[in-house]
file data-v8.txt (compact mmCIF, C-alpha atoms)
# COMPACT_ATOMS: atom_id res chain seq x y z
CA MET A 1 3.26 -16.74 81.87
CA LYS A 2 6.57 -16.18 80.15
CA LEU A 3 5.79 -19.08 77.81
CA ILE A 4 2.49 -17.45 76.81
CA HIS A 5 4.28 -14.19 75.95
CA VAL A 6 6.77 -16.04 73.79
CA VAL A 7 4.03 -17.90 71.93
CA LEU A 8 2.05 -14.71 71.39
CA GLY A 9 5.18 -12.96 70.18
CA ARG A 10 5.78 -15.69 67.62
CA ILE A 11 2.17 -15.45 66.42
CA VAL A 12 2.51 -11.68 65.96
CA LEU A 13 5.78 -12.11 64.05
CA ILE A 14 4.26 -14.79 61.82
CA PHE A 15 1.26 -12.55 61.12
CA LEU A 16 3.49 -9.57 60.33
CA PHE A 17 5.73 -11.66 58.07
CA SER A 18 2.71 -13.13 56.27
CA SER A 19 1.22 -9.67 55.80
CA PHE A 20 4.51 -8.37 54.44
CA SER A 21 4.75 -11.29 52.03
CA PHE A 22 1.19 -10.77 50.85
CA CYS A 23 1.79 -7.07 50.25
CA SER A 24 5.02 -7.85 48.44
CA LYS A 25 3.25 -10.32 46.16
CA ALA A 26 0.47 -7.81 45.53
CA ARG A 27 3.06 -5.26 44.43
CA ASP A 28 4.64 -7.86 42.14
CA ILE A 29 1.31 -8.72 40.55
CA ALA A 30 0.01 -5.20 40.09
CA PRO A 31 2.29 -4.10 37.19
CA SER A 32 1.12 -6.98 34.97
CA SER A 33 -2.43 -5.66 35.22
CA LEU A 34 -1.44 -2.21 33.95
CA LEU A 35 -2.62 -1.32 30.44
CA SER A 36 0.03 -1.28 27.67
CA THR A 37 0.44 1.68 25.35
CA ALA A 38 1.25 2.12 21.66
CA SER A 39 1.59 4.93 19.12
CA VAL A 40 0.12 5.75 15.71
CA GLY A 41 0.80 8.38 13.07
CA ASP A 42 2.72 9.32 9.95
CA ARG A 43 2.17 12.03 7.35
CA VAL A 44 -0.21 14.26 5.42
CA TRP A 45 1.28 15.25 2.07
CA LEU A 46 0.37 17.34 -0.99
CA ASP A 47 -0.25 14.85 -3.79
CA ARG A 48 0.79 17.14 -6.64
CA ASP A 49 0.31 14.54 -9.38
CA ALA A 50 -2.90 13.16 -7.80
CA ASN A 51 -1.79 9.55 -8.24
CA GLY A 52 -2.51 8.45 -4.67
CA ARG A 53 1.15 7.63 -3.92
CA GLN A 54 3.80 9.52 -1.94
CA ASP A 55 6.52 10.50 -4.39
CA VAL A 56 9.93 11.54 -3.06
CA TRP A 57 9.55 15.06 -4.43
CA GLU A 58 6.17 15.74 -2.83
CA VAL A 59 6.11 17.87 0.33
CA GLY A 60 4.26 17.51 3.62
CA PHE A 61 1.18 19.57 4.50
CA PRO A 62 1.61 21.40 7.86
CA GLY A 63 -1.12 22.46 10.26
CA ILE A 64 -3.68 19.78 9.37
CA GLU A 65 -5.93 18.70 12.25
CA VAL A 66 -5.90 14.95 12.89
CA GLN A 67 -8.24 13.25 15.36
CA LEU A 68 -7.93 9.83 16.98
CA LEU A 69 -11.29 8.08 17.43
CA ASN A 70 -12.04 5.03 19.54
CA GLU A 71 -14.08 2.06 18.33
CA SER A 72 -17.29 3.91 19.17
CA GLY A 73 -16.27 6.88 17.02
CA VAL A 74 -15.61 9.12 20.00
CA ARG A 75 -12.68 11.54 19.72
CA ILE A 76 -10.05 10.86 22.36
CA ALA A 77 -7.15 13.02 21.10
CA THR A 78 -6.35 15.77 18.58
CA VAL A 79 -2.99 16.79 17.07
CA HIS A 80 -1.82 18.91 14.12
CA THR A 81 0.78 18.03 11.50
CA ASP A 82 4.20 19.63 11.92
CA ALA A 83 6.16 21.68 9.37
CA ASN A 84 6.91 18.54 7.35
CA GLY A 85 3.39 17.13 7.51
CA PHE A 86 4.09 14.51 10.20
CA TYR A 87 1.86 13.76 13.19
CA THR A 88 1.93 11.28 16.10
CA PHE A 89 -0.45 10.06 18.77
CA ALA A 90 1.82 8.78 21.56
CA ASP A 91 1.01 6.68 24.64
CA VAL A 92 -2.28 5.42 23.21
CA ASP A 93 -4.07 2.87 25.40
CA ALA A 94 -3.78 -0.51 23.62
CA GLY A 95 -5.08 -2.62 26.50
CA THR A 96 -3.54 -6.05 27.00
CA THR A 97 -4.61 -7.62 23.69
CA GLY A 98 -5.06 -4.56 21.47
CA LYS A 99 -7.79 -1.97 20.86
CA THR A 100 -9.53 -0.68 17.73
CA TYR A 101 -9.07 2.94 16.62
CA GLU A 102 -9.64 5.18 13.61
CA VAL A 103 -7.82 8.30 12.40
CA TRP A 104 -9.81 11.24 11.03
CA PHE A 105 -8.06 13.84 8.84
CA LYS A 106 -9.73 17.29 8.74
CA LEU A 107 -9.02 19.32 5.59
CA PRO A 108 -9.22 23.10 5.01
CA ASP A 109 -11.96 24.39 2.71
CA ASN A 110 -11.60 23.68 -1.04
CA TYR A 111 -8.96 20.97 -0.56
CA GLN A 112 -9.67 17.36 -1.50
CA PHE A 113 -8.29 13.94 -0.64
CA CYS A 114 -6.55 12.04 -3.42
CA ARG A 115 -7.82 8.64 -4.54
CA ARG A 116 -7.40 5.86 -2.03
CA ASN A 117 -5.54 2.69 -3.02
CA GLY A 118 -3.59 -0.14 -1.47
CA THR A 119 -4.19 -1.29 2.09
CA ILE A 120 -4.16 0.43 5.45
CA THR A 121 -0.71 -1.11 6.12
CA ASP A 122 0.79 0.41 2.95
CA ALA A 123 3.20 3.14 4.06
CA GLN A 124 3.18 5.03 0.72
CA ASN A 125 -0.52 5.33 -0.06
CA SER A 126 -3.35 7.54 1.16
CA ASP A 127 -5.57 5.95 3.81
CA ALA A 128 -8.13 8.75 4.02
CA ASN A 129 -11.56 8.01 2.60
CA GLU A 130 -12.07 10.51 -0.24
CA LEU A 131 -15.46 11.59 1.12
CA THR A 132 -15.19 11.28 4.91
CA GLY A 133 -11.45 11.73 5.53
CA LYS A 134 -11.45 8.74 7.88
CA SER A 135 -8.93 5.91 7.71
CA GLY A 136 -11.28 3.09 8.62
CA PRO A 137 -10.84 1.00 11.79
CA PHE A 138 -7.52 -0.65 12.62
CA LEU A 139 -6.23 -2.72 15.55
CA LEU A 140 -3.48 -1.15 17.67
CA LEU A 141 -1.48 -3.73 19.62
CA PRO A 142 0.42 -3.20 22.90
CA GLY A 143 3.89 -1.77 22.21
CA GLN A 144 3.15 -1.25 18.50
CA ASN A 145 4.36 1.80 16.58
CA ASN A 146 1.94 2.06 13.65
CA ASP A 147 3.51 4.65 11.33
CA ALA A 148 1.55 3.90 8.16
CA LEU A 149 -1.58 6.10 8.52
CA ASP A 150 -1.20 8.72 5.76
CA ALA A 151 -3.40 11.13 3.82
CA GLY A 152 -2.78 12.56 0.36
CA VAL A 153 -4.22 16.02 -0.27
CA ILE A 154 -5.02 17.66 -3.62
CA SER A 155 -4.85 21.43 -3.76
CA PRO A 156 -7.70 23.49 -5.28
CA ALA A 157 -5.40 24.47 -8.15
CA LEU A 158 -5.07 20.87 -9.31
CA GLY A 159 -8.50 19.46 -8.56
CA ALA A 160 -9.40 15.87 -9.37
CA LEU A 161 -11.29 13.99 -12.03
CA PRO A 162 -14.22 11.74 -11.10
CA LEU A 163 -12.41 8.64 -12.39
CA HIS A 164 -13.07 5.69 -10.11
CA THR A 165 -10.33 3.58 -11.65
CA LEU A 166 -7.18 4.33 -13.65
CA ASP A 167 -4.88 1.30 -13.51
CA LEU A 168 -1.96 0.72 -15.88
CA THR A 169 0.04 -2.42 -16.75
CA ALA A 170 3.01 -2.81 -19.12
CA GLU A 171 4.21 -5.98 -20.85
CA LEU A 172 7.39 -6.46 -22.91
CA LYS A 173 7.28 -8.84 -25.90
CA SER A 174 9.35 -9.08 -29.10
CA GLY A 175 10.86 -5.62 -28.82
CA GLN A 176 7.53 -3.95 -28.11
CA ILE A 177 6.05 -2.66 -24.89
CA LYS A 178 2.32 -3.25 -24.61
CA LEU A 179 0.56 -0.70 -22.40
CA LYS A 180 -2.94 -1.45 -21.13
CA TRP A 181 -4.95 0.72 -18.81
CA LEU A 182 -8.40 0.42 -17.31
CA ALA A 183 -10.56 3.51 -16.82
CA GLU A 184 -13.97 3.74 -15.19
CA ASN A 185 -16.40 6.66 -14.85
CA GLU A 186 -14.85 8.86 -17.55
CA MET A 187 -17.38 11.68 -17.15
CA ASN A 188 -15.76 15.02 -18.10
CA THR A 189 -12.48 13.32 -19.08
CA ARG A 190 -11.15 14.87 -22.30
CA ARG A 191 -8.12 12.73 -23.17
CA PHE A 192 -5.39 10.42 -21.90
CA VAL A 193 -1.77 11.55 -22.05
CA ILE A 194 0.75 8.68 -22.30
CA GLN A 195 3.97 9.55 -20.47
CA GLN A 196 7.36 7.87 -20.27
CA SER A 197 10.43 8.24 -18.03
CA THR A 198 13.89 6.71 -17.70
CA ASN A 199 14.28 7.56 -14.00
CA GLY A 200 10.76 7.28 -12.59
CA THR A 201 10.60 11.00 -11.73
CA ASP A 202 10.91 13.10 -14.91
CA PHE A 203 8.17 12.14 -17.39
CA THR A 204 7.73 13.22 -21.01
CA THR A 205 4.63 12.89 -23.18
CA ILE A 206 4.96 10.34 -26.00
CA ASN A 207 1.38 10.30 -27.31
CA LEU A 208 -2.26 11.18 -26.72
CA ALA A 209 -5.31 8.95 -26.67
CA GLY A 210 -8.95 9.92 -27.03
CA ILE A 211 -11.87 8.81 -24.89
CA ASN A 212 -14.17 6.04 -26.07
CA GLY A 213 -15.58 4.72 -22.80
CA ILE A 214 -19.06 5.02 -21.33
CA GLN A 215 -19.71 6.56 -17.95
CA ASN A 216 -19.56 3.99 -15.11
CA ILE A 217 -18.58 1.21 -17.56
CA PRO A 218 -14.97 -0.07 -17.16
CA THR A 219 -13.08 0.40 -20.44
CA TYR A 220 -9.66 -0.92 -21.49
CA TYR A 221 -7.26 1.15 -23.59
CA PHE A 222 -4.14 -0.09 -25.40
CA TYR A 223 -0.95 1.48 -26.74
CA THR A 224 2.25 -0.06 -28.13
CA VAL A 225 5.72 1.43 -27.62
CA ASP A 226 8.75 0.43 -29.72
CA MET A 227 11.55 -0.15 -27.20
CA ASN A 228 14.13 0.67 -29.89
CA MET A 229 12.95 4.29 -29.69
CA VAL A 230 14.75 4.55 -26.34
CA PRO A 231 18.20 3.05 -27.04
CA GLY A 232 20.39 2.21 -24.07
CA ALA A 233 17.61 2.42 -21.47
CA MET A 234 17.68 -0.51 -19.05
CA VAL A 235 14.45 0.44 -17.28
CA LEU A 236 11.47 2.46 -18.52
CA TYR A 237 8.62 3.91 -16.49
CA PHE A 238 5.15 4.68 -17.85
CA ARG A 239 2.07 6.43 -16.50
CA ILE A 240 -1.22 7.74 -17.87
CA ARG A 241 -2.42 11.28 -17.18
CA ALA A 242 -6.17 11.82 -17.59
CA GLU A 243 -7.21 15.41 -18.32
CA ASP A 244 -10.55 17.24 -18.47
CA GLU A 245 -11.63 20.43 -20.24
CA ASN A 246 -10.51 22.56 -17.28
CA ASN A 247 -6.99 21.06 -17.30
CA ARG A 248 -7.62 19.19 -14.08
CA ALA A 249 -5.79 15.88 -14.02
CA ALA A 250 -5.55 12.46 -12.44
CA TYR A 251 -2.67 10.01 -12.78
CA SER A 252 -2.50 6.23 -13.00
CA ASN A 253 -0.02 4.11 -11.13
CA ILE A 254 3.50 3.92 -12.60
CA ALA A 255 4.21 0.74 -14.60
CA VAL A 256 7.85 -0.40 -14.82
CA VAL A 257 9.47 -2.26 -17.72
CA ARG A 258 12.93 -3.82 -17.25
CA MET A 259 14.67 -4.33 -20.57
CA GLU A 260 18.05 -5.62 -19.49
CA ARG A 261 18.79 -9.28 -20.20
CA ILE A 262 18.75 -11.37 -17.04
CA SER A 263 19.97 -14.92 -16.45
CA ASP A 264 17.02 -15.94 -14.31
CA VAL A 265 13.41 -15.07 -13.63
CA ARG A 266 12.63 -11.88 -11.76
CA LEU A 267 9.37 -11.10 -9.95
CA TRP A 268 8.23 -7.71 -8.69
CA PRO A 269 6.86 -5.81 -6.85
CA ASN A 270 7.38 -7.77 -3.68
CA PRO A 271 5.25 -7.20 -1.62
CA PHE A 272 2.59 -6.86 -4.35
CA LEU A 273 -0.86 -5.26 -4.28
CA HIS A 274 -2.82 -5.50 -7.54
CA ASN A 275 -0.54 -7.35 -9.93
CA ILE A 276 2.70 -9.32 -10.30
CA GLN A 277 5.17 -8.59 -13.08
CA VAL A 278 7.55 -11.26 -14.37
CA SER A 279 10.77 -10.74 -16.33
CA TYR A 280 11.49 -13.93 -18.26
CA TYR A 281 14.35 -14.52 -20.71
CA SER A 282 13.70 -17.40 -23.10
CA ILE A 283 16.11 -19.02 -25.58
CA ALA A 284 13.20 -19.73 -27.93
CA ALA A 285 9.50 -19.05 -28.38
CA THR A 286 7.61 -21.24 -25.95
CA THR A 287 4.60 -21.57 -23.67
CA LEU A 288 4.60 -21.14 -19.91
CA ASP A 289 2.15 -22.73 -17.50
CA VAL A 290 1.68 -20.26 -14.65
CA ARG A 291 0.21 -21.10 -11.25
CA LEU A 292 -0.12 -18.95 -8.12
CA THR A 293 -0.84 -20.67 -4.80
CA ASP A 294 -1.07 -19.58 -1.18
CA ASN A 295 1.13 -21.03 1.57
CA THR A 296 -1.34 -23.90 2.10
CA GLY A 297 -1.18 -24.98 -1.54
CA GLY A 298 -4.56 -23.51 -2.48
CA GLU A 299 -4.64 -22.37 -6.12
CA LYS A 300 -5.42 -18.65 -6.48
CA TRP A 301 -4.54 -17.99 -10.14
CA LYS A 302 -3.82 -20.21 -13.13
CA GLY A 303 -3.06 -19.42 -16.74
CA VAL A 304 -1.03 -20.05 -19.88
CA MET A 305 1.31 -17.43 -21.32
CA GLU A 306 3.08 -17.34 -24.68
CA VAL A 307 6.62 -15.93 -24.66
CA ASN A 308 8.98 -15.08 -27.49
CA LYS A 309 12.69 -15.61 -27.89
CA GLY A 310 14.60 -13.09 -25.85
CA MET A 311 13.41 -10.86 -23.03
CA ASN A 312 9.75 -10.99 -22.04
CA GLN A 313 7.85 -9.09 -19.39
CA LEU A 314 4.58 -10.66 -18.29
CA VAL A 315 1.80 -9.29 -16.09
CA ILE A 316 -0.50 -11.22 -13.78
CA ASP A 317 -3.23 -8.83 -12.71
CA ASP A 318 -6.62 -8.78 -10.94
CA LEU A 319 -4.94 -9.83 -7.66
CA ALA A 320 -6.40 -7.12 -5.43
CA ARG A 321 -8.96 -9.65 -4.15
CA LEU A 322 -6.26 -11.80 -2.53
CA THR A 323 -5.82 -11.55 1.22
CA THR A 324 -2.58 -10.63 2.97
CA GLY A 325 -0.15 -13.52 3.18
CA ILE A 326 2.63 -15.53 1.50
CA TYR A 327 2.20 -16.81 -2.07
CA LEU A 328 4.20 -19.04 -4.44
CA LEU A 329 4.36 -18.34 -8.18
CA GLN A 330 5.31 -21.35 -10.33
CA LEU A 331 6.36 -21.08 -13.99
CA THR A 332 6.81 -24.22 -16.09
CA ASP A 333 8.40 -24.04 -19.57
CA ARG A 334 6.62 -26.58 -21.80
CA GLN A 335 9.55 -26.79 -24.20
CA THR A 336 12.39 -27.37 -21.73
CA GLY A 337 10.36 -28.78 -18.86
CA GLN A 338 12.09 -26.42 -16.46
CA THR A 339 10.13 -25.05 -13.51
CA PHE A 340 10.77 -21.87 -11.58
CA THR A 341 9.14 -21.13 -8.21
CA GLY A 342 9.31 -17.74 -6.50
CA LYS A 343 7.94 -16.57 -3.15
CA LEU A 344 5.92 -13.35 -2.92
CA ILE A 345 4.23 -11.46 -0.11
CA LYS A 346 0.96 -9.53 -0.27
call {"tool": "encode", "arguments": {"input": "data-v8.txt", "output": "structure tokens"}}
result
Amino acid sequence: MKLIHVVLGRIVLIFLFSSFSFCSKARDIAPSSLLSTASVGDRVWLDRDANGRQDVWEVGFPGIEVQLLNESGVRIATVHTDANGFYTFADVDAGTTGKTYEVWFKLPDNYQFCRRNGTITDAQNSDANELTGKSGPFLLLPGQNNDALDAGVISPALGALPLHTLDLTAELKSGQIKLKWLAENEMNTRRFVIQQSTNGTDFTTINLAGINGIQNIPTYYFYTVDMNMVPGAMVLYFRIRAEDENNRAAYSNIAVVRMERISDVRLWPNPFLHNIQVSYYSIAATTLDVRLTDNTGGEKWKGVMEVNKGMNQLVIDDLARLTTGIYLLQLTDRQTGQTFTGKLIK
């Protein structure tokens, strides 16, 4: 009888120990099944020059309602921008492999969104659709802090022109700076104001250009600047201001020209969006073979460029179609046979 009690006691102990172990394992497993969180946000700002970029002197817009929508378009949270225009959605459910969301900016009456450019990962552009105010869907990963969802706002006093496109490039050759800008949908546009700066912030008007485009037809405009008119400047900045009859305005991007002599090749911006600019110093007039490839060796752009003796600034544009990734730009001098290869990110 005593033996039976001992055996039964051991069975009870084994059962209790097994149950404890099972519960312990269950507690260990449970946390891994919990959903991970992330955050998203950034800034709403007053785009005073209506160029679609956040300039250092532009201020935030407080009190703007911002909604976070799930992949079905259902609102799951609402916040308002603070005194400096910043907002944050914290502890957002990102699941275990990420979830899709969209940010919706709600403007007061009579205000407008500035033109949208760049990508949704660009921290200095406006991500709000000009008509709907929505950012478009994006994937939020577990543990991610996405702080690149911005909106540029144009006040009623400034207004905006209906221009669909106003893109500027600048190229330096033989002591002259060649400006070229593309405008589309010039309805109500009165003139283009060509502006120049030595610091990228304070711009002065250097000339005016009339309108010769047709509505909804892309039109190129050209202007030449003598670099000797700005002695001592190492870097010049240019932009185009489009104006209508009511003095409303829209601005192009800012094009940069580097005039200092360099001992090697310089590529910028990096990362790039729409174009790549190349500073190239040549000891003689020559021809360059230019080739842009992705990281698998696939050719994405190919061309031939003529350069003059001295400092040259070249522009490779129409690159907005390229996907995000790593690219290699190869320049080969036909006269010297030298080849330069630079890595860029889009």
call {"tool": "closest_residue", "arguments": {"input": "data-v8.txt", "among": "A:Asp147, A:Asp93, A:Asp333, A:Asp127", "to": "Arg53 in chain A", "atoms": "all atoms listed in the file"}}
result
A:Asp127
call {"tool": "residues_around", "arguments": {"input": "data-v8.txt", "residues": "Asp42 in chain A", "least_positions_apart": "5", "cutoff": "6 Å", "atoms": "only C-alpha atoms", "output": "list in words"}}
result
Phe86, Tyr87, Asp147, Ala148, Leu149 and Asp150 of chain A
call {"tool": "atom_distance", "arguments": {"input": "data-v8.txt", "atom1": "CA of Arg291 in chain A", "atom2": "CA of Leu344 in chain A"}}
result
12.7 Å
call {"tool": "residues_around", "arguments": {"input": "data-v8.txt", "residues": "range 301-312 of chain A", "least_positions_apart": "5", "cutoff": "7 Å", "atoms": "only C-alpha atoms", "output": "NGL selection string"}}
result
:A and (172-174 or 261 or 279-292)
call {"tool": "atom_distance", "arguments": {"input": "data-v8.txt", "atom1": "CA of Met229 in chain A", "atom2": "CA of Asn212 in chain A"}}
result
27.4 Å
call {"tool": "residues_around", "arguments": {"input": "data-v8.txt", "residues": "Lys106 in chain A", "least_positions_apart": "6", "cutoff": "12 Å", "atoms": "all atoms listed in the file", "output": "ChimeraX atom specification"}}
result
/A:44,61,63-68,78-81,112-113,128-135,151-153
call {"tool": "residues_near_point", "arguments": {"input": "data-v8.txt", "point": "(3.7, -2.0, -6.3)", "cutoff": "12 Å", "atoms": "all atoms listed in the file", "output": "count of residues only"}}
result
31
call {"tool": "atom_distance", "arguments": {"input": "data-v8.txt", "atom1": "CA of Glu299 in chain A", "atom2": "CA of Asp318 in chain A"}}
result
14.6 Å
call {"tool": "residues_around", "arguments": {"input": "data-v8.txt", "residues": "Thr37 in chain A", "least_positions_apart": "2", "cutoff": "12 Å", "atoms": "all atoms listed in the file", "output": "PyMOL selection string"}}
result
chain A and resi 34-35+39-40+89-99+140-146
call {"tool": "residues_near_point", "arguments": {"input": "data-v8.txt", "point": "(-17.2, 4.9, 17.2)", "cutoff": "12 Å", "atoms": "all atoms listed in the file", "output": "PyMOL selection string"}}
result
chain A and resi 68-76+100-104+134+136-137
call {"tool": "residues_around", "arguments": {"input": "data-v8.txt", "residues": "Thr201 in chain A", "least_positions_apart": "3", "cutoff": "10 Å", "atoms": "all atoms listed in the file", "output": "list in words"}}
result
Asp55, Val56, Trp57, Gln196, Ser197, Thr198, Thr204 and Tyr237 of chain A
call {"tool": "closest_residue", "arguments": {"input": "data-v8.txt", "among": "A:Lys300, A:Arg248, A:Cys114, A:Lys343", "to": "Leu322 in chain A", "atoms": "all atoms listed in the file"}}
result
A:Lys300
